[in-house]
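Student: My structure is stored as structure-v5.txt, with compact mmCIF, C-alpha atoms.
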```
# COMPACT_ATOMS: atom_id res chain seq x y z
CA MET A 26 160.96 17.43 109.83
CA LYS A 27 163.02 18.28 112.90
CA ASP A 28 166.82 18.44 113.07
CA LEU A 29 167.90 15.55 115.27
CA SER A 30 171.31 14.48 116.53
CA ILE A 31 172.99 11.31 115.27
CA TYR A 32 172.01 9.23 118.28
CA GLU A 33 168.40 10.46 118.20
CA ARG A 34 168.07 9.55 114.54
CA PHE A 35 169.64 6.13 115.05
CA ALA A 36 167.51 5.38 118.11
CA LEU A 37 164.30 6.58 116.41
CA ILE A 38 164.73 4.09 113.57
CA SER A 39 166.26 1.15 115.45
CA LEU A 40 163.90 1.25 118.45
CA ASN A 41 160.71 1.27 116.34
CA SER A 42 158.76 -1.96 117.06
CA VAL A 43 161.25 -3.06 119.74
CA ARG A 44 159.41 -4.75 122.59
CA ASN A 45 160.31 -3.60 126.09
CA SER A 46 160.50 -7.22 127.28
CA GLU A 47 162.94 -8.15 124.50
CA GLN A 48 166.30 -9.31 125.84
CA THR A 49 167.71 -10.62 122.59
CA ALA A 50 171.22 -10.43 121.20
CA GLY A 51 169.91 -7.92 118.67
CA ARG A 52 168.61 -5.66 121.45
CA TYR A 53 171.96 -5.67 123.25
CA LEU A 54 173.69 -4.84 119.98
CA LYS A 55 171.32 -1.93 119.42
CA ASP A 56 172.06 -0.62 122.92
CA ARG A 57 175.76 -0.83 122.18
CA CYS A 58 175.27 1.07 118.93
CA ILE A 59 173.19 3.76 120.68
CA VAL A 60 176.09 4.43 123.06
CA ALA A 61 178.49 4.50 120.08
CA ALA A 62 176.11 6.94 118.35
CA VAL A 63 176.32 9.26 121.35
CA VAL A 64 180.13 9.14 121.17
CA ILE A 65 180.03 10.05 117.46
CA ASP A 66 177.61 12.87 118.25
CA MET A 67 180.08 14.20 120.82
CA ILE A 68 182.75 14.25 118.10
CA PHE A 69 180.46 16.20 115.75
CA SER A 70 179.31 18.65 118.42
CA GLY A 71 182.82 19.35 119.74
CA ALA A 72 182.32 17.72 123.13
CA MET A 73 185.12 15.38 122.03
CA GLN A 74 188.03 16.99 120.26
CA LYS A 75 190.75 15.62 118.04
CA PRO A 76 194.16 17.15 118.70
CA GLY A 77 196.79 15.26 116.73
CA GLY A 78 194.63 12.45 115.39
CA GLU A 79 193.33 11.09 118.71
CA TYR A 80 190.16 11.95 120.60
CA LEU A 81 189.63 13.30 124.10
CA PHE A 82 186.82 14.94 126.03
CA ALA A 83 186.80 18.73 125.82
CA GLY A 84 186.25 19.06 129.55
CA PRO A 85 183.39 18.80 132.05
CA ASP A 86 182.34 22.43 131.49
CA GLU A 87 181.87 21.96 127.74
CA PRO A 88 178.27 23.15 127.04
CA GLY A 89 177.58 20.25 124.70
CA LEU A 90 178.05 17.78 127.55
CA LYS A 91 175.56 18.93 130.15
CA ASP A 92 172.62 20.16 128.11
CA ARG A 93 171.61 16.68 126.97
CA ASP A 94 171.05 13.85 129.45
CA ALA A 95 172.15 11.03 127.15
CA VAL A 96 175.43 12.77 126.28
CA PHE A 97 176.19 13.44 129.95
CA GLU A 98 175.32 9.83 130.81
CA VAL A 99 177.84 8.51 128.26
CA TYR A 100 180.44 11.07 129.37
CA LYS A 101 180.16 9.78 132.95
CA LEU A 102 180.55 6.18 131.72
CA LEU A 103 183.62 6.80 129.59
CA LYS A 104 185.53 9.74 131.07
CA ASP A 105 187.81 7.61 133.22
CA ARG A 106 188.49 4.94 130.62
CA HIS A 107 191.47 6.73 129.12
CA GLN A 108 193.92 9.20 130.52
CA GLY A 109 193.96 11.92 127.87
CA ALA A 110 193.56 11.31 124.15
CA ALA A 111 193.01 7.90 122.58
CA PRO A 112 192.23 6.58 119.10
CA LEU A 113 188.59 6.17 118.12
CA ALA A 114 189.08 2.39 118.17
CA SER A 115 189.95 2.56 121.87
CA TRP A 116 186.87 4.61 122.69
CA MET A 117 184.68 2.13 120.81
CA ARG A 118 186.31 -0.75 122.70
CA ALA A 119 185.40 1.08 125.90
CA VAL A 120 181.81 1.31 124.63
CA VAL A 121 181.75 -2.47 124.07
CA ARG A 122 183.09 -3.10 127.57
CA THR A 123 180.52 -0.99 129.43
CA ARG A 124 178.02 -3.05 131.39
CA LYS A 125 174.75 -4.12 129.79
CA LYS A 126 172.68 -2.32 132.38
CA ASP A 127 174.63 0.92 131.80
CA LYS A 128 174.00 0.64 128.07
CA ARG A 129 170.32 -0.05 128.75
CA ARG A 130 170.18 3.05 130.93
CA VAL A 131 171.57 5.13 128.04
CA GLU A 132 168.96 3.62 125.71
CA GLU A 133 166.20 4.53 128.15
CA THR A 134 167.57 8.06 128.51
CA VAL A 135 167.61 8.53 124.73
CA ALA A 136 164.12 7.04 124.47
CA GLN A 137 162.93 9.44 127.16
CA GLU A 138 164.38 12.42 125.23
CA LEU A 139 162.56 11.28 122.10
CA MET A 140 159.31 10.73 124.01
CA GLU A 141 159.51 14.25 125.46
CA ALA A 142 159.92 15.57 121.92
CA GLU A 143 156.85 13.47 120.97
CA LEU A 144 158.86 11.49 118.42
CA LEU A 145 158.64 8.15 120.20
CA SER A 146 155.86 6.56 122.20
CA ARG A 147 155.28 3.37 124.13
CA ILE A 148 152.26 1.41 122.98
CA PRO A 149 150.86 -2.10 123.47
CA ALA A 150 152.96 -4.43 121.30
CA LEU A 151 151.51 -5.69 118.05
CA ILE A 152 152.23 -9.26 119.10
CA ALA A 153 149.87 -8.66 122.06
CA CYS A 154 147.06 -8.61 119.46
CA ASP A 155 147.87 -12.21 118.57
CA LEU A 156 145.07 -14.58 119.58
CA PHE A 157 147.23 -16.60 121.98
CA PHE A 158 148.85 -13.56 123.59
CA SER A 159 145.61 -11.60 124.07
CA SER A 160 143.75 -14.58 125.48
CA SER A 161 146.52 -15.18 128.02
CA ASP A 162 146.25 -11.55 129.24
CA LEU A 163 149.94 -10.80 128.78
CA GLU A 164 150.90 -7.14 128.76
CA VAL A 165 153.66 -6.47 126.27
CA THR A 166 154.63 -2.99 125.15
CA GLU A 167 156.83 -1.71 122.34
CA TYR A 168 158.24 1.54 121.05
CA ARG A 169 156.68 3.29 118.09
CA ALA A 170 158.39 6.15 116.25
CA GLN A 171 156.42 9.16 115.02
CA ASN A 172 155.42 8.23 111.48
CA GLU A 173 156.50 11.34 109.54
CA GLN A 174 159.86 11.77 111.23
CA TYR A 175 160.60 8.03 111.01
CA HIS A 176 159.98 7.85 107.27
CA ALA A 177 161.66 11.19 106.59
CA GLU A 178 164.86 10.05 108.33
CA ILE A 179 164.93 6.75 106.43
CA GLU A 180 164.24 8.44 103.10
CA TYR A 181 166.96 11.02 103.76
CA ILE A 182 169.54 8.29 104.42
CA ARG A 183 168.44 6.49 101.25
CA ALA A 184 168.61 9.66 99.17
CA GLU A 185 172.06 10.65 100.43
CA THR A 186 173.45 7.15 100.00
CA LEU A 187 171.99 6.20 96.64
CA ASP A 188 171.95 9.59 94.92
CA ALA A 189 174.79 11.77 96.17
CA LYS A 190 178.37 11.37 95.03
CA MET A 191 179.55 11.26 98.65
CA PRO A 192 177.14 11.18 101.61
CA SER A 193 177.58 13.64 104.46
CA GLU A 194 179.52 12.59 107.57
CA GLU A 195 176.27 12.20 109.49
CA VAL A 196 174.95 9.71 106.95
CA ILE A 197 178.30 7.88 106.88
CA ALA A 198 178.10 7.49 110.66
CA LEU A 199 174.50 6.26 110.45
CA LEU A 200 175.37 3.73 107.75
CA TRP A 201 178.13 2.36 109.97
CA LEU A 202 175.82 2.19 112.99
CA PHE A 203 173.09 0.37 111.06
CA LYS A 204 175.65 -1.99 109.59
CA GLN A 205 176.93 -2.79 113.08
CA SER A 206 173.43 -3.34 114.47
CA GLY A 207 172.19 -5.35 111.49
CA GLY A 208 169.62 -2.67 110.69
CA LEU A 209 170.41 -1.91 107.04
CA THR A 210 167.40 -4.01 106.05
CA HIS A 211 165.18 -1.36 107.69
CA ILE A 212 166.45 1.15 105.16
CA PHE A 213 167.42 -0.54 101.90
CA SER A 214 165.60 -3.19 99.89
CA GLY A 215 167.36 -6.34 98.69
CA ARG A 216 167.63 -4.94 95.18
CA GLU A 217 169.65 -1.97 96.43
CA TYR A 218 172.31 -3.95 98.30
CA GLU A 219 174.72 -4.16 95.39
CA GLN A 220 174.57 -0.40 94.87
CA LEU A 221 174.88 0.10 98.64
CA GLN A 222 178.00 -2.07 98.78
CA GLY A 223 179.55 0.05 96.05
CA VAL A 224 178.81 3.20 98.05
CA LEU A 225 180.29 1.73 101.24
CA ASN A 226 183.44 0.74 99.35
CA ARG A 227 183.74 4.25 97.89
CA ILE A 228 183.29 5.82 101.33
CA TYR A 229 186.07 3.61 102.70
CA ARG A 230 188.40 4.56 99.83
CA GLU A 231 187.75 8.28 99.61
CA ASP A 232 186.54 9.62 102.96
CA PRO A 233 189.04 9.79 105.86
CA PHE A 234 186.37 9.79 108.56
CA GLY A 235 184.54 6.93 106.83
CA ARG A 236 187.77 4.92 106.59
CA GLU A 237 188.46 5.45 110.28
CA LEU A 238 184.94 4.40 111.24
CA PHE A 239 184.43 1.48 108.84
CA ALA A 240 187.60 -0.18 110.13
CA LEU A 241 185.92 -0.58 113.54
CA THR A 242 183.47 -3.19 114.79
CA LEU A 243 181.30 -3.07 117.87
CA GLY A 244 181.07 -6.70 118.84
CA ASP A 245 183.21 -9.58 119.95
CA GLY A 246 183.47 -12.52 117.55
CA ILE A 247 181.14 -14.98 119.30
CA PHE A 248 178.42 -12.41 119.97
CA ARG A 249 178.46 -11.18 116.37
CA LYS A 250 178.42 -14.75 115.05
CA TRP A 251 175.38 -15.65 117.19
CA ASN A 252 173.64 -12.44 116.16
CA SER A 253 174.39 -13.17 112.51
CA ILE A 254 172.90 -16.67 112.88
CA LEU A 255 169.73 -15.19 114.39
CA SER A 256 169.65 -12.48 111.72
CA PHE A 257 170.05 -15.16 109.05
CA LYS A 258 167.09 -17.05 110.53
CA LYS A 259 165.02 -13.86 110.65
CA ASP A 260 166.03 -12.93 107.07
CA LEU A 261 165.23 -16.47 105.89
CA ILE A 262 161.82 -16.16 107.49
CA LYS A 263 161.37 -12.88 105.62
CA SER A 264 162.22 -14.46 102.25
CA GLN A 265 159.43 -15.70 99.99
CA PHE A 266 160.01 -19.30 101.11
CA GLY A 267 160.30 -18.43 104.78
CA ILE A 268 157.17 -16.31 104.82
CA GLY A 269 155.06 -19.17 103.57
CA PHE A 270 156.81 -21.59 105.92
CA VAL A 271 156.36 -19.57 109.08
CA SER A 272 152.73 -18.80 108.26
CA ARG A 273 152.11 -22.56 108.56
CA ILE A 274 154.44 -23.08 111.55
CA PRO A 275 154.17 -19.77 113.43
CA PHE A 276 156.21 -20.72 116.48
CA LEU A 277 159.44 -20.51 114.43
CA GLN A 278 159.27 -16.70 114.41
CA ARG A 279 156.20 -15.58 116.32
CA SER A 280 156.65 -11.92 115.57
CA GLU A 281 156.37 -12.63 111.81
CA ALA A 282 153.11 -14.63 112.02
CA ILE A 283 150.74 -12.69 114.24
CA PHE A 284 147.17 -14.00 114.08
CA ILE A 285 144.34 -11.60 114.83
CA GLU A 286 140.94 -13.10 115.47
CA SER A 287 138.24 -11.33 113.54
CA GLU A 288 135.49 -12.48 115.93
CA LYS A 289 133.09 -13.24 113.10
CA MET A 290 132.97 -14.16 109.42
CA PHE A 291 132.43 -11.39 106.89
CA ALA A 292 130.65 -11.18 103.57
CA ASN A 293 133.52 -9.45 101.80
CA ALA A 294 137.17 -8.46 102.10
CA TRP A 295 136.43 -4.78 102.71
CA GLU A 296 134.32 -5.50 105.84
CA ARG A 297 137.00 -7.86 107.16
CA LEU A 298 139.73 -5.25 106.58
CA THR A 299 137.71 -2.49 108.26
CA HIS A 300 137.01 -4.68 111.27
CA VAL A 301 140.65 -5.72 111.74
CA VAL A 302 141.85 -2.12 111.39
CA GLU A 303 139.31 -1.10 114.06
CA ILE A 304 140.63 -3.81 116.40
CA LEU A 305 144.22 -2.65 115.88
CA GLU A 306 143.41 1.04 116.28
CA ALA A 307 141.43 0.33 119.44
CA LYS A 308 144.62 -1.19 120.90
CA GLY A 309 146.64 1.93 120.13
CA HIS A 310 148.22 1.02 116.79
CA VAL A 311 148.41 3.42 113.86
CA CYS A 312 147.19 1.81 110.62
CA ALA A 313 147.31 3.12 107.06
CA VAL A 314 145.70 0.99 104.36
CA LYS A 315 147.95 1.00 101.29
CA SER A 316 145.97 -1.35 99.09
CA GLU A 317 142.69 -3.24 99.40
CA GLY A 318 141.49 -6.55 98.00
CA ALA A 319 141.55 -10.16 99.14
CA VAL A 320 145.03 -9.67 100.66
CA PRO A 321 145.24 -6.00 101.65
CA LEU A 322 148.49 -4.20 102.39
CA VAL A 323 148.47 -2.17 105.59
CA GLU A 324 151.18 -0.14 107.28
CA ILE A 325 150.95 -0.82 111.01
CA ASP A 326 153.23 1.27 113.25
CA ASN A 327 155.56 2.14 110.36
CA VAL A 328 155.90 -1.49 109.15
CA LEU A 329 154.14 -2.92 106.08
CA TYR A 330 152.09 -6.11 106.51
CA GLU A 331 149.87 -8.21 104.29
CA LEU A 332 146.64 -9.27 105.99
CA ILE A 333 146.02 -12.83 104.88
CA PRO A 334 142.66 -14.41 105.72
CA ASP A 335 143.35 -17.49 107.79
CA ALA A 336 141.76 -19.84 110.27
CA ILE A 337 143.11 -21.83 113.21
CA ALA A 338 141.54 -25.24 113.64
CA MET A 339 140.65 -25.98 117.26
CA LYS A 340 139.12 -29.16 118.63
CA TYR A 341 135.47 -28.40 117.86
CA LEU A 342 135.54 -25.36 115.61
CA SER A 343 137.79 -23.08 113.56
CA ILE A 344 138.72 -19.57 114.64
CA HIS A 345 138.67 -17.14 111.73
CA GLY A 346 140.87 -14.12 111.43
CA VAL A 347 143.81 -12.64 109.55
CA ARG A 348 147.48 -13.45 109.75
CA LEU A 349 149.89 -10.53 109.53
CA ARG A 350 152.73 -11.26 107.18
CA ARG A 351 155.53 -8.74 106.84
CA TYR A 352 155.68 -7.33 103.31
CA LEU A 353 159.08 -7.45 101.59
CA LEU A 354 160.19 -4.37 99.65
CA MET B 24 184.25 15.45 103.87
CA SER B 25 181.08 17.48 104.34
CA ARG B 26 178.55 17.97 107.08
CA GLN B 27 174.84 18.04 106.39
CA ARG B 28 173.08 21.41 106.41
CA SER B 29 170.49 22.23 109.07
CA ILE B 30 166.83 22.66 108.13
CA GLU B 31 167.15 26.42 108.64
CA LYS B 32 170.04 26.68 106.18
CA ILE B 33 168.30 24.47 103.63
CA LYS B 34 165.17 26.64 103.79
CA HIS B 35 167.25 29.63 102.70
CA ALA B 36 169.50 27.92 100.19
CA GLU B 37 169.14 28.56 96.46
CA TYR B 38 170.02 25.00 95.47
CA VAL B 39 169.26 21.77 97.32
CA SER B 40 170.11 18.11 96.83
CA ILE B 41 167.48 15.41 96.53
CA GLY B 42 168.12 14.36 100.14
CA GLU B 43 167.46 17.92 101.28
CA LEU B 44 164.27 17.97 99.21
CA VAL B 45 163.20 14.87 101.15
CA ARG B 46 163.72 16.78 104.41
CA LEU B 47 161.87 19.84 103.14
CA THR B 48 158.87 18.16 101.54
CA GLY B 49 158.54 14.86 103.42
CA MET B 50 158.21 12.99 100.13
CA ARG B 51 159.84 9.62 99.53
CA TYR B 52 163.23 9.54 97.83
CA SER B 53 161.91 6.99 95.30
CA THR B 54 159.07 9.34 94.34
CA LEU B 55 161.36 12.35 93.86
CA LYS B 56 163.81 10.22 91.86
CA TYR B 57 161.00 8.99 89.63
CA TYR B 58 159.69 12.52 89.09
CA THR B 59 163.25 13.58 88.16
CA GLU B 60 163.64 10.73 85.69
CA VAL B 61 160.36 11.44 83.91
CA GLY B 62 161.35 15.09 83.64
CA PHE B 63 158.99 16.71 86.13
CA LEU B 64 161.81 18.16 88.26
CA PRO B 65 164.58 19.99 86.42
CA PHE B 66 168.03 19.84 88.00
CA GLU B 67 171.60 20.91 87.41
CA GLN B 68 174.54 18.52 87.49
CA GLN B 69 178.19 19.37 86.91
CA GLY B 70 179.23 15.91 85.82
CA GLU B 71 177.50 12.67 84.91
CA LYS B 72 177.95 10.92 88.25
CA LEU B 73 177.95 13.97 90.49
CA THR B 74 175.18 15.06 92.84
CA ARG B 75 172.12 16.60 91.23
CA TYR B 76 171.03 20.00 92.54
CA TYR B 77 167.56 21.51 92.29
CA ARG B 78 166.51 25.15 92.46
CA ARG B 79 164.74 25.12 95.82
CA GLU B 80 161.82 27.48 95.29
CA ASP B 81 160.90 26.35 91.76
CA THR B 82 161.18 22.69 92.66
CA ILE B 83 159.04 22.94 95.78
CA THR B 84 156.39 24.83 93.78
CA ARG B 85 156.48 22.09 91.14
CA ILE B 86 156.25 19.35 93.80
CA ASN B 87 153.19 21.01 95.35
CA GLU B 88 151.57 21.21 91.91
CA LEU B 89 152.29 17.52 91.34
CA LYS B 90 150.82 16.62 94.73
CA GLU B 91 147.61 18.48 93.88
CA LEU B 92 147.33 16.84 90.47
CA ARG B 93 147.91 13.38 91.96
CA ASN B 94 145.40 14.02 94.76
CA SER B 95 142.83 14.99 92.15
CA GLY B 96 143.17 11.48 90.73
CA MET B 97 145.23 12.18 87.60
CA SER B 98 147.63 9.51 86.38
CA ILE B 99 151.31 10.15 85.64
CA ASP B 100 150.65 9.99 81.87
CA GLU B 101 147.95 12.63 82.14
CA ILE B 102 150.23 14.84 84.21
CA LYS B 103 152.99 14.41 81.62
CA LYS B 104 150.67 15.69 78.90
CA ILE B 105 149.80 18.74 81.01
CA MET B 106 153.48 19.44 81.73
CA GLU B 107 154.41 19.10 78.07
CA ALA B 108 151.61 21.44 77.05
CA ASP B 109 152.99 24.03 79.50
```
Please rewrite the model in this file as structure tokens.

Tutor:
Amino acid sequence: MKDLSIYERFALISLNSVRNSEQTAGRYLKDRCIVAAVVIDMIFSGAMQKPGGEYLFAGPDEPGLKDRDAVFEVYKLLKDRHQGAAPLASWMRAVVRTRKKDKRRVEETVAQELMEAELLSRIPALIACDLFFSSSDLEVTEYRAQNEQYHAEIEYIRAETLDAKMPSEEVIALLWLFKQSGGLTHIFSGREYEQLQGVLNRIYREDPFGRELFALTLGDGIFRKWNSILSFKKDLIKSQFGIGFVSRIPFLQRSEAIFIESEKMFANAWERLTHVVEILEAKGHVCAVKSEGAVPLVEIDNVLYELIPDAIAMKYLSIHGVRLRRYLL
Amino acid sequence: MSRQRSIEKIKHAEYVSIGELVRLTGMRYSTLKYYTEVGFLPFEQQGEKLTRYYRREDTITRINELKELRNSGMSIDEIKKIMEAD
């Protein structure tokens, strides 16, 4: 496992499975959080200093500023926002007010750094394997994080949060970033939320840096409300009821009901599973079979899916295949 | 308020936390926690709700042994019997 900066770790986890064509509220929020992560990294590395309780840039010749492209990019965006030192809240407000295309440029710079370190790659999107997408010849790509580093980072955050008396400042910052971007569901299962809430409350009570950070938000009220509505819809789809519902009415949340044509009928589940895995791997996806059987469990590009045998009825015949259904932890 | 240790520092430390074991071994937190609870990984803890610390070298040796036993197809109960016999 490599030592990564705060913004690299956040981007590695939050950009996994993000489609390049996605222009959703969630994507804009992630971009905002990536810029905020760079600001926090500058605080940790000394590129931003804290004389007398407020933060200011150390100066343009500070080594930590110029040796990483993403950090220098954010420095250029924010250096003229305040004359001298300002509270962290003011710097985060400046992050929110930067233009969308500037935030997207920072995201692309961070993604490029991760791709050069071979921790992130751009692959054909999983949804492009869907019958209706592939037959319409649409090219859609997505990011995929390197499997070992991705899981190691998530497991480290889980271990520090659920096992340690007080997580390190890096983990506190990451928890805040994932909370702001709605990404805590990538890390913790539903059963762990109550314990997680207790940890977040303890951080707020006992850690000065945590208290300063947790008092901040990264969105305006309307934007956050709309994102929470969309997140609620996505979470509902991921519930036991929603999963069954969307598998019958896929258009509600296309990304959660991908149908892969198996091109022929098979004598047994093992042959069907092998064939579908071959199709996915031929299109550049990394698959790891976790369990076999009538409904196998497969990890595809760091996300767990159940492969449910299904058929789509067309006018004269049925098309057989499997429907990918995200597996809930 | 504490900062996390770098990989280089963890590799030379005498004691590590479970999170640092995750970084060193690449194993899941849930797996390491389970191994701790069934007694496979001894630890030291100053108070009931304080962080558990593991002796780095001994624990990594034990984890490698457990990985080999699991890869050979042994169940957790069988491994427990072997550990108790030792």

Student: Using only C-alpha atoms, determine which residues of chain A fall within 9 Å of chain B; present them as a PyMOL selection string.

Tutor: chain A and resi 26-28+173-174+176-178+180-186+188-196+232-234

Student: Save the residues we just selected, C-alpha atoms, as a PDB file, keeping the file's coordinate frame?

Tutor:
```pdb
ATOM      1  CA  MET A  26     160.960  17.430 109.830  1.00  0.00           C
ATOM      2  CA  LYS A  27     163.020  18.280 112.900  1.00  0.00           C
ATOM      3  CA  ASP A  28     166.820  18.440 113.070  1.00  0.00           C
ATOM      4  CA  GLU A 173     156.500  11.340 109.540  1.00  0.00           C
ATOM      5  CA  GLN A 174     159.860  11.770 111.230  1.00  0.00           C
ATOM      6  CA  HIS A 176     159.980   7.850 107.270  1.00  0.00           C
ATOM      7  CA  ALA A 177     161.660  11.190 106.590  1.00  0.00           C
ATOM      8  CA  GLU A 178     164.860  10.050 108.330  1.00  0.00           C
ATOM      9  CA  GLU A 180     164.240   8.440 103.100  1.00  0.00           C
ATOM     10  CA  TYR A 181     166.960  11.020 103.760  1.00  0.00           C
ATOM     11  CA  ILE A 182     169.540   8.290 104.420  1.00  0.00           C
ATOM     12  CA  ARG A 183     168.440   6.490 101.250  1.00  0.00           C
ATOM     13  CA  ALA A 184     168.610   9.660  99.170  1.00  0.00           C
ATOM     14  CA  GLU A 185     172.060  10.650 100.430  1.00  0.00           C
ATOM     15  CA  THR A 186     173.450   7.150 100.000  1.00  0.00           C
ATOM     16  CA  ASP A 188     171.950   9.590  94.920  1.00  0.00           C
ATOM     17  CA  ALA A 189     174.790  11.770  96.170  1.00  0.00           C
ATOM     18  CA  LYS A 190     178.370  11.370  95.030  1.00  0.00           C
ATOM     19  CA  MET A 191     179.550  11.260  98.650  1.00  0.00           C
ATOM     20  CA  PRO A 192     177.140  11.180 101.610  1.00  0.00           C
ATOM     21  CA  SER A 193     177.580  13.640 104.460  1.00  0.00           C
ATOM     22  CA  GLU A 194     179.520  12.590 107.570  1.00  0.00           C
ATOM     23  CA  GLU A 195     176.270  12.200 109.490  1.00  0.00           C
ATOM     24  CA  VAL A 196     174.950   9.710 106.950  1.00  0.00           C
ATOM     25  CA  ASP A 232     186.540   9.620 102.960  1.00  0.00           C
ATOM     26  CA  PRO A 233     189.040   9.790 105.860  1.00  0.00           C
ATOM     27  CA  PHE A 234     186.370   9.790 108.560  1.00  0.00           C
TER      28      PHE A 234
END
```

Student: How many Å separate atom CA of Asp127 of chain A from atom CA of Val60 of chain A?

Tutor: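 Atom CA of Val60 of chain A lies 9.5 Å from atom CA of Asp127 of chain A.
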
Student: Distance atom CA of Glu288 of chain A-atom CA of Ile344 of chain A, one decimal place?

Tutor: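 Between these atoms lies a distance of 7.9 Å.
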
Student: Give the padded box for segment 64-81 of chain B as AutoDock Vina command-line options: axis-aligned, covering all atoms listed in the file, 4 Å on each side, centre and edge lengths in Å to one decimal.

Tutor:
```
--center_x 170.1 --center_y 19.2 --center_z 90.4 --size_x 26.3 --size_y 24.6 --size_z 18.9
```

Student: Which distance in Å separates atom CA of Glu67 of chain B and atom CA of Ile228 of chain A, to one decimal?

Tutor: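 That distance, rounded to one decimal, is 23.6 Å.
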